[in-house]
Structure formats: structure tokens, C-alpha cells
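**Student:** This one is model.cif, mmCIF, N, CA and C atoms and all ligand atoms.
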data_structure
loop_
_atom_site.label_atom_id
_atom_site.label_comp_id
_atom_site.auth_asym_id
_atom_site.auth_seq_id
_atom_site.Cartn_x
_atom_site.Cartn_y
_atom_site.Cartn_z
N MET A 135 -5.38 5.30 3.66
CA MET A 135 -4.09 4.91 3.09
C MET A 135 -3.08 6.04 3.27
N ALA A 136 -1.91 5.73 3.71
CA ALA A 136 -0.88 6.75 3.90
C ALA A 136 -0.47 7.32 2.54
N HIS A 137 -0.16 8.59 2.59
CA HIS A 137 0.25 9.23 1.34
C HIS A 137 1.64 8.72 0.95
N ALA A 138 1.72 8.14 -0.24
CA ALA A 138 3.00 7.59 -0.69
C ALA A 138 3.95 8.71 -1.07
N PRO A 139 5.20 8.62 -0.67
CA PRO A 139 6.16 9.66 -1.07
C PRO A 139 6.30 9.67 -2.59
N SER A 140 6.51 10.84 -3.13
CA SER A 140 6.61 10.95 -4.58
C SER A 140 7.85 10.21 -5.08
N ILE A 141 7.83 9.90 -6.34
CA ILE A 141 8.95 9.15 -6.92
C ILE A 141 10.26 9.92 -6.74
N SER A 142 10.21 11.24 -6.93
CA SER A 142 11.47 11.99 -6.81
C SER A 142 11.97 12.01 -5.37
N THR A 143 11.04 12.05 -4.39
CA THR A 143 11.46 11.97 -2.99
C THR A 143 12.14 10.65 -2.71
N ARG A 144 11.55 9.58 -3.27
CA ARG A 144 12.10 8.25 -3.00
C ARG A 144 13.46 8.08 -3.65
N ILE A 145 13.62 8.61 -4.84
CA ILE A 145 14.93 8.52 -5.49
C ILE A 145 15.96 9.30 -4.69
N ALA A 146 15.58 10.50 -4.23
CA ALA A 146 16.51 11.32 -3.45
C ALA A 146 16.84 10.65 -2.13
N SER A 147 15.83 10.02 -1.50
CA SER A 147 16.09 9.39 -0.20
C SER A 147 16.96 8.15 -0.37
N GLY A 148 17.04 7.62 -1.56
CA GLY A 148 17.94 6.50 -1.82
C GLY A 148 19.39 6.95 -1.88
N GLY A 149 19.64 8.21 -1.68
CA GLY A 149 21.01 8.71 -1.61
C GLY A 149 21.63 8.89 -2.99
N ARG A 150 20.82 8.85 -4.01
CA ARG A 150 21.36 8.97 -5.35
C ARG A 150 21.09 10.37 -5.89
N ARG A 151 21.95 10.76 -6.78
CA ARG A 151 21.75 12.07 -7.38
C ARG A 151 20.41 12.07 -8.11
N LEU A 152 19.62 13.03 -7.79
CA LEU A 152 18.32 13.10 -8.44
C LEU A 152 18.48 13.67 -9.84
N THR A 153 18.26 12.85 -10.79
CA THR A 153 18.34 13.34 -12.16
C THR A 153 16.98 13.19 -12.81
N GLN A 154 16.74 14.06 -13.74
CA GLN A 154 15.48 14.02 -14.47
C GLN A 154 15.31 12.68 -15.17
N GLN A 155 16.42 12.12 -15.64
CA GLN A 155 16.35 10.85 -16.36
C GLN A 155 15.85 9.72 -15.46
N ARG A 156 16.35 9.72 -14.23
CA ARG A 156 15.90 8.66 -13.31
C ARG A 156 14.42 8.77 -13.03
N VAL A 157 13.94 10.03 -12.89
CA VAL A 157 12.52 10.23 -12.63
C VAL A 157 11.69 9.76 -13.82
N VAL A 158 12.15 10.07 -15.02
CA VAL A 158 11.43 9.66 -16.23
C VAL A 158 11.30 8.13 -16.27
N VAL A 159 12.42 7.45 -16.00
CA VAL A 159 12.42 5.98 -16.05
C VAL A 159 11.51 5.41 -14.95
N ALA A 160 11.61 5.97 -13.75
CA ALA A 160 10.81 5.47 -12.63
C ALA A 160 9.32 5.66 -12.90
N GLU A 161 8.96 6.80 -13.44
CA GLU A 161 7.55 7.05 -13.71
C GLU A 161 7.03 6.16 -14.84
N ALA A 162 7.86 5.94 -15.84
CA ALA A 162 7.44 5.07 -16.94
C ALA A 162 7.23 3.64 -16.45
N LEU A 163 8.11 3.18 -15.58
CA LEU A 163 7.97 1.82 -15.06
C LEU A 163 6.74 1.72 -14.16
N ALA A 164 6.53 2.73 -13.31
CA ALA A 164 5.39 2.70 -12.39
C ALA A 164 4.07 2.71 -13.16
N SER A 165 4.02 3.43 -14.27
CA SER A 165 2.75 3.52 -15.00
C SER A 165 2.51 2.30 -15.87
N ALA A 166 3.54 1.51 -16.13
CA ALA A 166 3.39 0.34 -16.99
C ALA A 166 2.55 -0.75 -16.32
N ARG A 167 2.70 -0.92 -15.03
CA ARG A 167 1.98 -1.94 -14.25
C ARG A 167 2.19 -3.35 -14.78
N ARG A 168 3.28 -3.57 -15.44
CA ARG A 168 3.65 -4.92 -15.85
C ARG A 168 5.16 -4.95 -15.92
N ALA A 169 5.71 -6.15 -16.00
CA ALA A 169 7.16 -6.27 -16.05
C ALA A 169 7.66 -5.89 -17.43
N LEU A 170 8.69 -5.04 -17.46
CA LEU A 170 9.26 -4.58 -18.72
C LEU A 170 10.77 -4.80 -18.69
N SER A 171 11.31 -5.21 -19.81
CA SER A 171 12.76 -5.25 -19.93
C SER A 171 13.26 -3.84 -20.18
N ALA A 172 14.57 -3.64 -20.02
CA ALA A 172 15.15 -2.32 -20.28
C ALA A 172 14.84 -1.88 -21.71
N GLN A 173 14.92 -2.84 -22.64
CA GLN A 173 14.63 -2.53 -24.05
C GLN A 173 13.18 -2.07 -24.23
N GLU A 174 12.25 -2.78 -23.59
CA GLU A 174 10.83 -2.43 -23.74
C GLU A 174 10.54 -1.07 -23.14
N LEU A 175 11.16 -0.78 -22.00
CA LEU A 175 10.95 0.53 -21.38
C LEU A 175 11.56 1.63 -22.25
N TYR A 176 12.73 1.34 -22.78
CA TYR A 176 13.39 2.28 -23.68
C TYR A 176 12.49 2.58 -24.89
N ASP A 177 11.90 1.53 -25.47
CA ASP A 177 11.03 1.71 -26.62
C ASP A 177 9.82 2.59 -26.28
N ARG A 178 9.34 2.48 -25.05
CA ARG A 178 8.17 3.26 -24.64
C ARG A 178 8.47 4.74 -24.50
N ILE A 179 9.69 5.07 -24.08
CA ILE A 179 9.95 6.47 -23.74
C ILE A 179 10.86 7.18 -24.73
N LYS A 180 11.41 6.45 -25.72
CA LYS A 180 12.43 7.08 -26.57
C LYS A 180 11.86 8.21 -27.43
N THR A 181 10.59 8.10 -27.81
CA THR A 181 10.01 9.16 -28.64
C THR A 181 9.86 10.45 -27.83
N ALA A 182 9.34 10.31 -26.62
CA ALA A 182 9.13 11.50 -25.77
C ALA A 182 10.44 12.01 -25.19
N HIS A 183 11.44 11.14 -25.04
CA HIS A 183 12.72 11.53 -24.43
C HIS A 183 13.88 11.03 -25.28
N PRO A 184 14.06 11.66 -26.43
CA PRO A 184 15.09 11.16 -27.36
C PRO A 184 16.51 11.25 -26.81
N GLY A 185 16.74 12.07 -25.78
CA GLY A 185 18.08 12.19 -25.24
C GLY A 185 18.47 11.05 -24.31
N LEU A 186 17.51 10.20 -24.00
CA LEU A 186 17.76 9.12 -23.04
C LEU A 186 18.30 7.89 -23.76
N GLY A 187 19.49 7.46 -23.40
CA GLY A 187 20.07 6.29 -24.04
C GLY A 187 19.62 5.01 -23.37
N ARG A 188 19.80 3.91 -24.10
CA ARG A 188 19.41 2.61 -23.55
C ARG A 188 20.23 2.24 -22.32
N ALA A 189 21.50 2.57 -22.34
CA ALA A 189 22.36 2.25 -21.19
C ALA A 189 21.92 3.02 -19.94
N THR A 190 21.48 4.26 -20.14
CA THR A 190 21.00 5.07 -19.02
C THR A 190 19.74 4.45 -18.44
N VAL A 191 18.85 3.98 -19.33
CA VAL A 191 17.62 3.33 -18.88
C VAL A 191 17.96 2.10 -18.04
N TYR A 192 18.89 1.31 -18.56
CA TYR A 192 19.30 0.09 -17.85
C TYR A 192 19.88 0.43 -16.47
N ARG A 193 20.76 1.42 -16.41
CA ARG A 193 21.36 1.80 -15.12
C ARG A 193 20.32 2.34 -14.16
N ALA A 194 19.38 3.11 -14.69
CA ALA A 194 18.33 3.67 -13.83
C ALA A 194 17.46 2.56 -13.25
N LEU A 195 17.19 1.53 -14.05
CA LEU A 195 16.40 0.41 -13.56
C LEU A 195 17.15 -0.37 -12.48
N GLU A 196 18.43 -0.60 -12.70
CA GLU A 196 19.24 -1.31 -11.70
C GLU A 196 19.32 -0.50 -10.40
N ALA A 197 19.42 0.82 -10.52
CA ALA A 197 19.46 1.67 -9.33
C ALA A 197 18.15 1.58 -8.56
N GLN A 198 17.05 1.47 -9.29
CA GLN A 198 15.75 1.33 -8.62
C GLN A 198 15.66 0.03 -7.84
N VAL A 199 16.22 -1.04 -8.41
CA VAL A 199 16.23 -2.32 -7.71
C VAL A 199 17.03 -2.19 -6.41
N GLN A 200 18.21 -1.56 -6.51
CA GLN A 200 19.06 -1.40 -5.33
C GLN A 200 18.40 -0.52 -4.27
N ASP A 201 17.61 0.46 -4.71
CA ASP A 201 16.96 1.36 -3.77
C ASP A 201 15.62 0.83 -3.26
N GLY A 202 15.27 -0.40 -3.65
CA GLY A 202 14.04 -0.99 -3.17
C GLY A 202 12.79 -0.40 -3.79
N MET A 203 12.92 0.15 -4.99
CA MET A 203 11.75 0.73 -5.67
C MET A 203 11.26 -0.18 -6.79
N ALA A 204 12.02 -1.21 -7.10
CA ALA A 204 11.64 -2.10 -8.19
C ALA A 204 12.16 -3.50 -7.89
N SER A 205 11.52 -4.49 -8.50
CA SER A 205 12.00 -5.86 -8.43
C SER A 205 12.44 -6.31 -9.81
N ARG A 206 13.40 -7.22 -9.83
CA ARG A 206 13.92 -7.72 -11.09
C ARG A 206 13.49 -9.17 -11.27
N PHE A 207 13.07 -9.52 -12.48
CA PHE A 207 12.72 -10.90 -12.80
C PHE A 207 13.59 -11.38 -13.95
N GLU A 208 13.75 -12.69 -14.00
CA GLU A 208 14.49 -13.27 -15.12
C GLU A 208 13.52 -13.80 -16.15
N ARG A 209 13.80 -13.48 -17.40
CA ARG A 209 13.03 -14.06 -18.50
C ARG A 209 13.92 -15.04 -19.24
N ASP A 210 13.30 -15.81 -20.14
CA ASP A 210 14.08 -16.73 -20.98
C ASP A 210 15.18 -15.95 -21.69
N GLY A 211 16.32 -16.60 -21.87
CA GLY A 211 17.41 -15.96 -22.58
C GLY A 211 18.17 -14.97 -21.73
N HIS A 212 18.08 -15.12 -20.40
CA HIS A 212 18.82 -14.28 -19.46
C HIS A 212 18.52 -12.80 -19.62
N VAL A 213 17.28 -12.50 -19.97
CA VAL A 213 16.86 -11.11 -20.04
C VAL A 213 16.23 -10.74 -18.70
N SER A 214 16.57 -9.57 -18.18
CA SER A 214 15.96 -9.10 -16.94
C SER A 214 14.74 -8.25 -17.26
N ALA A 215 13.69 -8.43 -16.48
CA ALA A 215 12.52 -7.57 -16.58
C ALA A 215 12.29 -6.93 -15.21
N TYR A 216 11.68 -5.78 -15.21
CA TYR A 216 11.55 -5.00 -13.97
C TYR A 216 10.10 -4.62 -13.74
N ILE A 217 9.74 -4.53 -12.46
CA ILE A 217 8.42 -4.03 -12.09
C ILE A 217 8.59 -3.04 -10.95
N ALA A 218 7.85 -1.94 -11.02
CA ALA A 218 7.86 -0.98 -9.92
C ALA A 218 7.21 -1.65 -8.72
N CYS A 219 7.84 -1.53 -7.56
CA CYS A 219 7.42 -2.34 -6.44
C CYS A 219 7.92 -1.72 -5.15
N ASP A 220 7.10 -1.80 -4.10
CA ASP A 220 7.56 -1.33 -2.80
C ASP A 220 8.55 -2.33 -2.22
N ALA A 221 9.46 -1.82 -1.41
CA ALA A 221 10.48 -2.69 -0.81
C ALA A 221 9.86 -3.68 0.16
N GLU A 222 8.64 -3.38 0.64
CA GLU A 222 8.05 -4.24 1.68
C GLU A 222 7.61 -5.60 1.14
N HIS A 223 7.16 -5.63 -0.12
CA HIS A 223 6.77 -6.98 -0.58
C HIS A 223 7.82 -7.59 -1.49
N HIS A 224 8.00 -8.88 -1.26
CA HIS A 224 9.11 -9.57 -1.91
C HIS A 224 8.65 -10.75 -2.73
N HIS A 225 7.35 -11.04 -2.70
CA HIS A 225 6.86 -12.24 -3.38
C HIS A 225 5.92 -11.85 -4.50
N HIS A 226 6.09 -12.49 -5.63
CA HIS A 226 5.30 -12.09 -6.79
C HIS A 226 4.83 -13.27 -7.62
N LEU A 227 3.67 -13.08 -8.26
CA LEU A 227 3.19 -14.00 -9.27
C LEU A 227 3.39 -13.30 -10.61
N VAL A 228 4.22 -13.89 -11.45
CA VAL A 228 4.57 -13.25 -12.71
C VAL A 228 3.93 -14.01 -13.86
N CYS A 229 3.09 -13.34 -14.64
CA CYS A 229 2.50 -13.99 -15.81
C CYS A 229 3.50 -13.92 -16.96
N THR A 230 3.85 -15.11 -17.48
CA THR A 230 4.88 -15.15 -18.52
C THR A 230 4.30 -14.78 -19.88
N ARG A 231 2.98 -14.64 -19.96
CA ARG A 231 2.36 -14.31 -21.25
C ARG A 231 2.13 -12.80 -21.36
N CYS A 232 1.41 -12.20 -20.39
CA CYS A 232 1.09 -10.77 -20.49
C CYS A 232 2.01 -9.93 -19.61
N GLN A 233 2.88 -10.58 -18.83
CA GLN A 233 3.88 -9.89 -18.00
C GLN A 233 3.26 -9.13 -16.83
N ARG A 234 1.99 -9.43 -16.55
CA ARG A 234 1.39 -8.79 -15.39
C ARG A 234 2.00 -9.39 -14.12
N VAL A 235 2.20 -8.56 -13.12
CA VAL A 235 2.81 -9.03 -11.88
C VAL A 235 1.86 -8.73 -10.73
N GLU A 236 1.56 -9.76 -9.95
CA GLU A 236 0.71 -9.59 -8.80
C GLU A 236 1.54 -9.84 -7.55
N ASP A 237 1.24 -9.12 -6.50
CA ASP A 237 1.96 -9.36 -5.25
C ASP A 237 1.38 -10.58 -4.57
N LEU A 238 2.25 -11.47 -4.16
CA LEU A 238 1.84 -12.65 -3.41
C LEU A 238 1.94 -12.29 -1.94
N SER A 239 0.85 -12.47 -1.21
CA SER A 239 0.82 -11.96 0.16
C SER A 239 1.69 -12.79 1.10
N GLU A 240 2.18 -12.12 2.11
CA GLU A 240 3.02 -12.75 3.13
C GLU A 240 2.26 -13.88 3.82
N GLU A 241 0.93 -13.73 3.92
CA GLU A 241 0.10 -14.75 4.55
C GLU A 241 0.22 -16.10 3.85
N VAL A 242 0.31 -16.06 2.52
CA VAL A 242 0.41 -17.31 1.75
C VAL A 242 1.77 -17.95 1.97
N VAL A 243 2.79 -17.11 2.08
CA VAL A 243 4.16 -17.61 2.15
C VAL A 243 4.53 -18.05 3.57
N ALA A 244 3.95 -17.39 4.57
CA ALA A 244 4.35 -17.65 5.96
C ALA A 244 4.29 -19.12 6.36
N PRO A 245 3.18 -19.85 6.02
CA PRO A 245 3.15 -21.27 6.42
C PRO A 245 4.28 -22.08 5.80
N MET A 246 4.63 -21.75 4.57
CA MET A 246 5.72 -22.47 3.91
C MET A 246 7.05 -22.21 4.62
N LEU A 247 7.28 -20.94 4.97
CA LEU A 247 8.53 -20.61 5.65
C LEU A 247 8.58 -21.27 7.02
N ALA A 248 7.43 -21.37 7.68
CA ALA A 248 7.38 -22.03 8.98
C ALA A 248 7.74 -23.50 8.84
N SER A 249 7.21 -24.13 7.78
CA SER A 249 7.50 -25.56 7.62
C SER A 249 8.95 -25.78 7.18
N VAL A 250 9.53 -24.84 6.45
CA VAL A 250 10.96 -24.92 6.15
C VAL A 250 11.75 -24.90 7.46
N GLY A 251 11.35 -24.01 8.35
CA GLY A 251 12.02 -23.91 9.65
C GLY A 251 11.97 -25.21 10.42
N ARG A 252 10.81 -25.90 10.38
CA ARG A 252 10.67 -27.15 11.12
C ARG A 252 11.44 -28.29 10.45
N ARG A 253 11.24 -28.44 9.18
CA ARG A 253 11.83 -29.59 8.50
C ARG A 253 13.34 -29.50 8.34
N HIS A 254 13.83 -28.30 8.18
CA HIS A 254 15.26 -28.15 7.89
C HIS A 254 16.03 -27.52 9.04
N GLU A 255 15.29 -27.22 10.13
CA GLU A 255 15.91 -26.52 11.26
C GLU A 255 16.70 -25.33 10.77
N PHE A 256 16.02 -24.56 9.97
CA PHE A 256 16.65 -23.41 9.33
C PHE A 256 15.78 -22.18 9.59
N GLN A 257 16.38 -21.19 10.17
CA GLN A 257 15.62 -19.96 10.43
C GLN A 257 15.72 -19.03 9.23
N VAL A 258 14.58 -18.80 8.59
CA VAL A 258 14.56 -17.92 7.42
C VAL A 258 14.49 -16.46 7.88
N ASP A 259 15.48 -15.69 7.49
CA ASP A 259 15.48 -14.26 7.82
C ASP A 259 14.91 -13.42 6.68
N HIS A 260 15.11 -13.91 5.49
CA HIS A 260 14.69 -13.14 4.34
C HIS A 260 14.29 -14.09 3.23
N ALA A 261 13.20 -13.82 2.57
CA ALA A 261 12.77 -14.66 1.46
C ALA A 261 12.27 -13.79 0.33
N ALA A 262 12.62 -14.16 -0.87
CA ALA A 262 12.12 -13.48 -2.06
C ALA A 262 11.63 -14.56 -3.01
N LEU A 263 10.32 -14.61 -3.18
CA LEU A 263 9.72 -15.72 -3.92
C LEU A 263 9.00 -15.18 -5.15
N ASP A 264 9.43 -15.61 -6.32
CA ASP A 264 8.75 -15.23 -7.55
C ASP A 264 8.25 -16.49 -8.23
N LEU A 265 6.95 -16.55 -8.44
CA LEU A 265 6.36 -17.72 -9.07
C LEU A 265 5.91 -17.34 -10.48
N TYR A 266 6.31 -18.15 -11.46
CA TYR A 266 6.04 -17.84 -12.86
C TYR A 266 4.95 -18.75 -13.41
N GLY A 267 4.05 -18.17 -14.19
CA GLY A 267 2.99 -18.98 -14.77
C GLY A 267 2.04 -18.13 -15.58
N LEU A 268 0.76 -18.55 -15.62
CA LEU A 268 -0.24 -17.82 -16.41
C LEU A 268 -1.29 -17.24 -15.48
N CYS A 269 -1.61 -15.97 -15.68
CA CYS A 269 -2.66 -15.33 -14.89
C CYS A 269 -4.02 -15.84 -15.37
N ARG A 270 -5.07 -15.44 -14.66
CA ARG A 270 -6.39 -15.96 -14.97
C ARG A 270 -6.82 -15.62 -16.39
N SER A 271 -6.65 -14.37 -16.79
CA SER A 271 -7.15 -14.02 -18.13
C SER A 271 -6.33 -14.70 -19.22
N CYS A 272 -5.05 -14.92 -18.99
CA CYS A 272 -4.26 -15.63 -20.00
C CYS A 272 -4.61 -17.11 -20.05
N ARG A 273 -4.99 -17.68 -18.93
CA ARG A 273 -5.42 -19.08 -18.95
C ARG A 273 -6.71 -19.23 -19.73
N HIS A 274 -7.63 -18.28 -19.54
CA HIS A 274 -8.89 -18.32 -20.30
C HIS A 274 -8.62 -18.13 -21.79
N ALA A 275 -7.73 -17.20 -22.11
CA ALA A 275 -7.43 -16.91 -23.51
C ALA A 275 -6.87 -18.15 -24.20
N ARG A 276 -6.07 -18.93 -23.47
CA ARG A 276 -5.43 -20.09 -24.07
C ARG A 276 -6.43 -21.23 -24.33
N ARG A 277 -7.45 -21.29 -23.45
CA ARG A 277 -8.42 -22.37 -23.57
C ARG A 277 -9.33 -22.20 -24.78
N ARG A 278 -9.52 -20.94 -25.17
CA ARG A 278 -10.45 -20.67 -26.26
C ARG A 278 -10.00 -21.24 -27.58
ZN ZN A 301 5.74 -6.33 -5.24
ZN ZN A 302 -1.37 -12.96 -18.11
#
Please, can you express the file's structure as C-alpha cells?
**Tutor:**
Amino acid sequence: MAHAPSISTRIASGGRRLTQQRVVVAEALASARRALSAQELYDRIKTAHPGLGRATVYRALEAQVQDGMASRFERDGHVSAYIACDAEHHHHLVCTRCQRVEDLSEEVVAPMLASVGRRHEFQVDHAALDLYGLCRSCRHARRR
């Protein structure tokens, strides 16, 4: 596996001023491994980083989305949730119960995009597919 560039390298390569706050937010999101709203991320780091405001957290998350380091999801009530994510994958399975996010492979999506091309005579250049539902462990939990 290729060595992944560090979070601070990636933030700097995004052409943005490297601030300690952005690194803190990026690392907190990466270690969460689930989708978090700005509020939830703020709640996680406010004790360790009392100087970090909620608005700063929100802006740092939006900057990560623009730099291709995170994806944004919509939750009920027009709340945005974020997951640390490589720019290369664009498709996700989002569990609406535990907020776990799994990458949906390009292999699964490719046949669908091909059939869109045939049926609609439309050439897809870019696709971002997020499917919402229940992951396996949440489905089991609900059945009990
Ligand atoms: Zn992803
Ligand atoms: Zn789940």
C-alpha cells in the first residue's frame, strides 16, 4: 500500500493556509470513522481544544469537502454530516442509524452508469452516489 500523505501535507497541498485548527478538525474526523455533523465533531473536540469555535469547525469541514478530503451527506432536517474520505471514491453506503459509512465500489456502480448511457444516450462524466439505509449490524439489532 502506498504511503498516504499526512493530513497536514494534504491540507497544505489544497492551497489553504495550514492552521493548527484545520489539522485538529481533520484528524478528529478521520479518527471518527463515521459521519459526524459539525455539532457532533465540535462536541468531541471542545474539551481538548476549548479555543476552537463551532463556526471554525464548520468552515474547516467545508474546506475539507472542497479539497477532496471529506464527503458531505444530508441528514433529516437539512443537517450536513461529514466523513473523512479520499477524493477518488465518490459512492457511499450511509447507515442512518449508526452513521457508519462504507465505500461503494466503482465495480458495483459501473454497470448502472453503462445502462444509463444506453437508455438515455447520456455520457456520464462524473457520478456521486450516496445510498442511505441500515448496515448489517443495525439490521440485526432491529430484528431482536
Ligand atoms: Zn469514500
Ligand atoms: Zn449501522
**Student:** Measuring between only C-alpha atoms and all ligand atoms, which one of A:Thr230, A:Gln173, A:Gln257, A:Ser249 shows the shortest distance to ligand ZN 302 (chain A)?
**Tutor:**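 Under the stated criterion, the closest residue is A:Thr230.
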**Student:** Within 6.5 Å of ligand ZN 302 (chain A), counting all atoms listed in the file, which protein or nucleic acid residues do you find, written as a compact mmCIF listing (two decimals) with N, CA and C atoms, in the frame of the given file?
**Tutor:**
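Output file result_24.txt follows:
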# COMPACT_ATOMS: atom_id res chain seq x y z
N CYS A 229 3.09 -13.34 -14.64
CA CYS A 229 2.50 -13.99 -15.81
C CYS A 229 3.50 -13.92 -16.96
N THR A 230 3.85 -15.11 -17.48
CA THR A 230 4.88 -15.15 -18.52
C THR A 230 4.30 -14.78 -19.88
N ARG A 231 2.98 -14.64 -19.96
CA ARG A 231 2.36 -14.31 -21.25
C ARG A 231 2.13 -12.80 -21.36
N CYS A 232 1.41 -12.20 -20.39
CA CYS A 232 1.09 -10.77 -20.49
C CYS A 232 2.01 -9.93 -19.61
N GLN A 233 2.88 -10.58 -18.83
CA GLN A 233 3.88 -9.89 -18.00
C GLN A 233 3.26 -9.13 -16.83
N ARG A 234 1.99 -9.43 -16.55
CA ARG A 234 1.39 -8.79 -15.39
C ARG A 234 2.00 -9.39 -14.12
N LEU A 268 0.76 -18.55 -15.62
CA LEU A 268 -0.24 -17.82 -16.41
C LEU A 268 -1.29 -17.24 -15.48
N CYS A 269 -1.61 -15.97 -15.68
CA CYS A 269 -2.66 -15.33 -14.89
C CYS A 269 -4.02 -15.84 -15.37
N ARG A 270 -5.07 -15.44 -14.66
CA ARG A 270 -6.39 -15.96 -14.97
C ARG A 270 -6.82 -15.62 -16.39
N SER A 271 -6.65 -14.37 -16.79
CA SER A 271 -7.15 -14.02 -18.13
C SER A 271 -6.33 -14.70 -19.22
N CYS A 272 -5.05 -14.92 -18.99
CA CYS A 272 -4.26 -15.63 -20.00
C CYS A 272 -4.61 -17.11 -20.05
N ARG A 273 -4.99 -17.68 -18.93
CA ARG A 273 -5.42 -19.08 -18.95
C ARG A 273 -6.71 -19.23 -19.73
**Student:** At most 8 Å is the cut-off: for each residue in chain A with any atom that close to an atom of ligand ZN 301 (chain A), write down the nearest atom pair and the distance in Å rounded to one decimal, counting all atoms listed in the file, chain first then increasing number, as CSV.
**Tutor:**
residue,atom,partner,partner_atom,distance
A:Ala204,C,A:ZN301,ZN,7.5
A:Ser205,N,A:ZN301,ZN,6.9
A:Ile217,C,A:ZN301,ZN,7.2
A:Ala218,C,A:ZN301,ZN,6.0
A:Cys219,CA,A:ZN301,ZN,4.5
A:Asp220,N,A:ZN301,ZN,4.9
A:Ala221,N,A:ZN301,ZN,7.0
A:Glu222,C,A:ZN301,ZN,6.7
A:His223,C,A:ZN301,ZN,4.5
A:His224,N,A:ZN301,ZN,5.2
A:His225,C,A:ZN301,ZN,5.6
A:His226,CA,A:ZN301,ZN,6.0
A:Leu227,N,A:ZN301,ZN,7.7
A:Val235,C,A:ZN301,ZN,7.1
A:Glu236,C,A:ZN301,ZN,5.9
A:Asp237,CA,A:ZN301,ZN,4.8
A:Leu238,N,A:ZN301,ZN,6.3
**Student:** Store the residues picked out above, limited to N, CA and C atoms, as a short mmCIF file (atom, residue, chain, number, x, y, z; two decimals), in the frame of the given file.
**Tutor:**
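Printed below is again_25.cif as written:
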data_model
loop_
_atom_site.label_atom_id
_atom_site.label_comp_id
_atom_site.auth_asym_id
_atom_site.auth_seq_id
_atom_site.Cartn_x
_atom_site.Cartn_y
_atom_site.Cartn_z
N ALA A 204 12.02 -1.21 -7.10
CA ALA A 204 11.64 -2.10 -8.19
C ALA A 204 12.16 -3.50 -7.89
N SER A 205 11.52 -4.49 -8.50
CA SER A 205 12.00 -5.86 -8.43
C SER A 205 12.44 -6.31 -9.81
N ILE A 217 9.74 -4.53 -12.46
CA ILE A 217 8.42 -4.03 -12.09
C ILE A 217 8.59 -3.04 -10.95
N ALA A 218 7.85 -1.94 -11.02
CA ALA A 218 7.86 -0.98 -9.92
C ALA A 218 7.21 -1.65 -8.72
N CYS A 219 7.84 -1.53 -7.56
CA CYS A 219 7.42 -2.34 -6.44
C CYS A 219 7.92 -1.72 -5.15
N ASP A 220 7.10 -1.80 -4.10
CA ASP A 220 7.56 -1.33 -2.80
C ASP A 220 8.55 -2.33 -2.22
N ALA A 221 9.46 -1.82 -1.41
CA ALA A 221 10.48 -2.69 -0.81
C ALA A 221 9.86 -3.68 0.16
N GLU A 222 8.64 -3.38 0.64
CA GLU A 222 8.05 -4.24 1.68
C GLU A 222 7.61 -5.60 1.14
N HIS A 223 7.16 -5.63 -0.12
CA HIS A 223 6.77 -6.98 -0.58
C HIS A 223 7.82 -7.59 -1.49
N HIS A 224 8.00 -8.88 -1.26
CA HIS A 224 9.11 -9.57 -1.91
C HIS A 224 8.65 -10.75 -2.73
N HIS A 225 7.35 -11.04 -2.70
CA HIS A 225 6.86 -12.24 -3.38
C HIS A 225 5.92 -11.85 -4.50
N HIS A 226 6.09 -12.49 -5.63
CA HIS A 226 5.30 -12.09 -6.79
C HIS A 226 4.83 -13.27 -7.62
N LEU A 227 3.67 -13.08 -8.26
CA LEU A 227 3.19 -14.00 -9.27
C LEU A 227 3.39 -13.30 -10.61
N VAL A 235 2.20 -8.56 -13.12
CA VAL A 235 2.81 -9.03 -11.88
C VAL A 235 1.86 -8.73 -10.73
N GLU A 236 1.56 -9.76 -9.95
CA GLU A 236 0.71 -9.59 -8.80
C GLU A 236 1.54 -9.84 -7.55
N ASP A 237 1.24 -9.12 -6.50
CA ASP A 237 1.96 -9.36 -5.25
C ASP A 237 1.38 -10.58 -4.57
N LEU A 238 2.25 -11.47 -4.16
CA LEU A 238 1.84 -12.65 -3.41
C LEU A 238 1.94 -12.29 -1.94
#
**Student:** Figure out the distance between atom N of His274 in chain A and atom C of Leu175 in chain A, please, to one decimal in Å.
**Tutor:** 27.8 Å
**Student:** Excluding Val158 in chain A and any residue of its chain fewer than 3 positions from it, enumerate the residues within 12 Å of it, using only C-alpha atoms, and give them as a list in words.
**Tutor:**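 Once the adjacent positions are removed, what remains is Ile141, Ser142, Ile145, Leu152, Thr153, Gln154, Gln155, Glu161, Ala162, Leu163, Ala164, Ser165, Leu175, Tyr176, Arg178, Ile179, Lys180, Ala182, His183, Pro184, Gly185, Leu186, Thr190, Val191, Ala194 and Leu195 of chain A.
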**Student:** Residues of chain A in strand (DSSP E or B) according to DSSP, as a ChimeraX atom specification?
**Tutor:** /A:168,170-171,204-209,213-218,226-229,234-237,264-267
**Student:** Record the distance separating CA of Met246 in chain A and CA of Ala215 in chain A, expressed in Å with one decimal.
**Tutor:** 26.2 Å
